[in-house]
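Here the structure is laid out as structure tokens; the discussion comes afterwards.
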Amino acid sequence: MSATMSAPAAAAAAAEDDSPPTTVLVILGPMEFEAAGTADVMSVKIQTQEERGPTLEAAREMVKPSSLEAMHVILKSSTLSSLYDASIIATFAEALAPGAECTVHVLGTKEMPVQPADVNDVRVSLLMADLMLEQEGLAEGDEGGWTLTARRPIIGDKNDNDKEEGKAELTPIEEAE
């Protein structure tokens with residue numbers, strides 16, 4: 001099921017195809033990108049703010065809860081402030097299976113590389129979707145790009161237990177005085 005779609009196309013495809021995708025690829029802005037591989041990939045292309053809502057809504061209807069193994073968002077740094085929105089990650093957060101990876105690729109240029117502060121909204125949107133940020137930094141091989149990778153936690157994971165223990169050790173501010 002490799003498909004690139006806008007809102008009307010997504011709705012039509014949802015009615016015709018009963019096999020849910022395992023990977024979602026969201027492309028923001030005027031870029032051409034073809035997904036390679038054998039996985040069931042749904043490509044969602046958003047070129048304007050106006051089509052973001054309807055396109056995401058139609059795409060969300062095509063995925064089932066905890067059915068996605070991966071999600072990728074690709075955009076140029078020049079469109080970060082105009083096209084990126086937390087709703088992009090939030091739309092597919094429930095569809096990510098425990099342990100699934102979500103990667104946001106912000107493409108920069110040699111002349112204007114992406115800086116850590118440029119991706120603050122991306123970082124916050126990953127955290128607000130209850131994803132654990134695992135890695136971020138300059139993308140290898142890219143000229144000035146930045147990649148952020150987060151993962152949906154696995155319930156009962158050893159790391160979750162460590163965090164709970166860490167919370168118990170914290171002293172509330174009122175008691176510390």
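Starting from 1 in every chain, residues are counted up; chains themselves are A, B, ... following the order of the structure tokens, and ligands are numbered from 1 as listed.
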Please report, as JSON lines, each residue of segment 44-81 of chain A lying at most 12 Å from segment 140-151 of chain A, together with the nearest pair of atoms and the separation in Å rounded to one decimal; use only C-alpha atoms, and order rows by chain and ascending residue number.
```
{"residue": "A:Leu68", "atom": "CA", "partner": "A:Arg151", "partner_atom": "CA", "distance": 11.7}
{"residue": "A:Glu69", "atom": "CA", "partner": "A:Arg151", "partner_atom": "CA", "distance": 10.0}
{"residue": "A:Ala70", "atom": "CA", "partner": "A:Arg151", "partner_atom": "CA", "distance": 9.1}
{"residue": "A:Met71", "atom": "CA", "partner": "A:Thr149", "partner_atom": "CA", "distance": 9.8}
{"residue": "A:His72", "atom": "CA", "partner": "A:Thr149", "partner_atom": "CA", "distance": 9.2}
{"residue": "A:Val73", "atom": "CA", "partner": "A:Thr147", "partner_atom": "CA", "distance": 9.9}
{"residue": "A:Ile74", "atom": "CA", "partner": "A:Thr147", "partner_atom": "CA", "distance": 9.5}
{"residue": "A:Leu75", "atom": "CA", "partner": "A:Gly145", "partner_atom": "CA", "distance": 9.9}
{"residue": "A:Lys76", "atom": "CA", "partner": "A:Gly145", "partner_atom": "CA", "distance": 8.5}
{"residue": "A:Ser77", "atom": "CA", "partner": "A:Gly145", "partner_atom": "CA", "distance": 8.1}
{"residue": "A:Ser78", "atom": "CA", "partner": "A:Gly145", "partner_atom": "CA", "distance": 11.5}
{"residue": "A:Leu80", "atom": "CA", "partner": "A:Trp146", "partner_atom": "CA", "distance": 11.8}
```
- Message: List the spatial neighbours of Met128 of chain A as a list in words - criterion: any atom at most 9 Å away, only C-alpha atoms, same-chain residues fewer than 4 positions off excluded.
- Response: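 Skipping anything fewer than 4 positions along the chain leaves Ala86, Ala90, Arg123 and Val124 of chain A.
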- Just the residues within 12 Å of Leu28 of chain A, please, counting only C-alpha atoms, with nothing from its chain fewer than 3 positions along; format it as number ranges by chain. A: 6, 25, 31-33, 43-49, 51-52, 55-56, 72-85, 88, 104-107
Could you dump the residues just selected with N, CA, C and O atoms as a CSV table (one decimal), in the first residue's frame?
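Dumped everything to selection-v6.csv:
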```
chain,number,residue,atom,x,y,z
A,6,SER,N,-3.4,13.4,-0.7
A,6,SER,CA,-3.9,14.6,-0.1
A,6,SER,C,-5.2,14.2,0.6
A,6,SER,O,-5.6,13.1,0.6
A,25,LEU,N,4.8,8.4,6.4
A,25,LEU,CA,5.8,9.4,5.9
A,25,LEU,C,5.0,10.6,5.6
A,25,LEU,O,4.2,10.7,4.8
A,31,MET,N,8.3,19.2,-1.9
A,31,MET,CA,9.4,18.3,-2.1
A,31,MET,C,8.9,17.0,-2.8
A,31,MET,O,7.7,16.7,-2.6
A,32,GLU,N,9.7,16.4,-3.5
A,32,GLU,CA,9.4,15.1,-4.1
A,32,GLU,C,10.2,14.0,-3.4
A,32,GLU,O,11.4,14.2,-3.2
A,33,PHE,N,9.5,13.0,-3.0
A,33,PHE,CA,10.2,11.9,-2.2
A,33,PHE,C,9.4,10.6,-2.4
A,33,PHE,O,8.2,10.6,-2.3
A,43,SER,N,2.2,7.7,2.4
A,43,SER,CA,2.9,9.0,2.3
A,43,SER,C,1.8,10.1,2.3
A,43,SER,O,0.8,10.0,1.6
A,44,VAL,N,2.0,11.0,3.2
A,44,VAL,CA,1.0,12.1,3.4
A,44,VAL,C,1.8,13.4,3.0
A,44,VAL,O,2.7,13.8,3.7
A,45,LYS,N,1.3,14.1,2.0
A,45,LYS,CA,2.0,15.3,1.5
A,45,LYS,C,1.1,16.5,1.9
A,45,LYS,O,0.0,16.6,1.5
A,46,ILE,N,1.7,17.5,2.6
A,46,ILE,CA,1.0,18.7,3.0
A,46,ILE,C,1.9,19.9,2.5
A,46,ILE,O,3.0,20.0,2.8
A,47,GLN,N,1.2,20.7,1.6
A,47,GLN,CA,2.0,21.8,1.0
A,47,GLN,C,1.6,23.2,1.6
A,47,GLN,O,2.3,24.2,1.4
A,48,THR,N,0.4,23.3,2.2
A,48,THR,CA,-0.1,24.6,2.8
A,48,THR,C,-0.7,24.3,4.1
A,48,THR,O,-1.1,23.2,4.5
A,49,GLN,N,-0.8,25.4,4.9
A,49,GLN,CA,-1.4,25.3,6.2
A,49,GLN,C,-2.9,24.9,6.1
A,49,GLN,O,-3.4,24.2,7.0
A,51,GLU,N,-4.4,22.9,4.0
A,51,GLU,CA,-4.7,21.5,3.8
A,51,GLU,C,-4.2,20.6,4.9
A,51,GLU,O,-4.4,19.4,4.9
A,52,ARG,N,-3.4,21.2,5.9
A,52,ARG,CA,-2.9,20.4,7.0
A,52,ARG,C,-4.0,19.6,7.8
A,52,ARG,O,-3.9,18.4,7.9
A,55,THR,N,-6.1,17.0,5.6
A,55,THR,CA,-5.2,15.9,5.1
A,55,THR,C,-4.9,15.0,6.3
A,55,THR,O,-4.9,13.7,6.2
A,56,LEU,N,-4.5,15.5,7.4
A,56,LEU,CA,-4.2,14.7,8.6
A,56,LEU,C,-5.4,13.9,9.1
A,56,LEU,O,-5.3,12.8,9.5
A,72,HIS,N,7.8,9.0,9.9
A,72,HIS,CA,8.9,10.0,9.6
A,72,HIS,C,8.2,11.2,9.1
A,72,HIS,O,7.2,11.2,8.4
A,73,VAL,N,8.7,12.4,9.5
A,73,VAL,CA,8.3,13.7,9.0
A,73,VAL,C,9.5,14.3,8.4
A,73,VAL,O,10.5,14.4,9.0
A,74,ILE,N,9.3,14.8,7.2
A,74,ILE,CA,10.4,15.4,6.4
A,74,ILE,C,10.0,16.8,6.0
A,74,ILE,O,8.9,17.0,5.4
A,75,LEU,N,10.8,17.8,6.3
A,75,LEU,CA,10.6,19.1,5.9
A,75,LEU,C,11.9,19.9,5.8
A,75,LEU,O,12.9,19.6,6.4
A,76,LYS,N,11.8,21.0,5.0
A,76,LYS,CA,12.9,21.9,4.9
A,76,LYS,C,12.9,22.9,6.1
A,76,LYS,O,11.8,23.3,6.5
A,77,SER,N,14.0,23.4,6.5
A,77,SER,CA,14.1,24.3,7.6
A,77,SER,C,13.3,25.6,7.3
A,77,SER,O,12.8,26.3,8.1
A,78,SER,N,13.3,25.9,6.0
A,78,SER,CA,12.6,27.2,5.5
A,78,SER,C,11.1,27.1,5.7
A,78,SER,O,10.4,28.1,5.7
A,79,THR,N,10.5,25.9,5.9
A,79,THR,CA,9.1,25.7,6.0
A,79,THR,C,8.7,25.3,7.5
A,79,THR,O,7.6,25.1,7.8
A,80,LEU,N,9.7,25.3,8.3
A,80,LEU,CA,9.5,24.8,9.7
A,80,LEU,C,8.4,25.7,10.4
A,80,LEU,O,7.5,25.2,11.0
A,81,SER,N,8.6,27.0,10.4
A,81,SER,CA,7.7,27.9,11.1
A,81,SER,C,6.3,28.0,10.4
A,81,SER,O,5.3,28.3,11.1
A,82,SER,N,6.2,27.8,9.1
A,82,SER,CA,4.9,27.9,8.4
A,82,SER,C,4.1,26.6,8.3
A,82,SER,O,2.9,26.7,8.3
A,83,LEU,N,4.8,25.5,8.2
A,83,LEU,CA,4.0,24.2,8.0
A,83,LEU,C,4.0,23.3,9.2
A,83,LEU,O,3.1,22.4,9.3
A,84,TYR,N,5.1,23.3,10.0
A,84,TYR,CA,5.1,22.3,11.1
A,84,TYR,C,4.2,22.7,12.2
A,84,TYR,O,4.1,23.9,12.6
A,85,ASP,N,3.5,21.7,12.8
A,85,ASP,CA,2.6,22.0,13.9
A,85,ASP,C,2.5,20.7,14.7
A,85,ASP,O,2.7,19.6,14.2
A,88,ILE,N,0.7,17.4,13.8
A,88,ILE,CA,1.2,16.3,12.9
A,88,ILE,C,1.6,15.1,13.7
A,88,ILE,O,1.3,14.0,13.4
A,104,VAL,N,11.8,13.0,13.0
A,104,VAL,CA,11.6,14.2,12.3
A,104,VAL,C,12.9,14.7,11.7
A,104,VAL,O,13.9,14.8,12.3
A,105,HIS,N,12.9,14.8,10.3
A,105,HIS,CA,14.1,15.2,9.6
A,105,HIS,C,13.9,16.6,9.1
A,105,HIS,O,13.0,16.9,8.3
A,106,VAL,N,14.7,17.5,9.6
A,106,VAL,CA,14.6,18.9,9.2
A,106,VAL,C,15.8,19.2,8.3
A,106,VAL,O,17.0,19.1,8.8
A,107,LEU,N,15.6,19.4,7.0
A,107,LEU,CA,16.6,19.6,6.0
A,107,LEU,C,17.1,21.0,6.0
A,107,LEU,O,16.3,21.9,5.9
```
- Query: Of the candidates A:Thr109, A:Thr22, A:Ser87, A:Gln135, which one gets nearest to Asp121 of chain A if we count only C-alpha atoms?
  - Reply: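 Closest to Asp121 of chain A, using only C-alpha atoms: A:Ser87.
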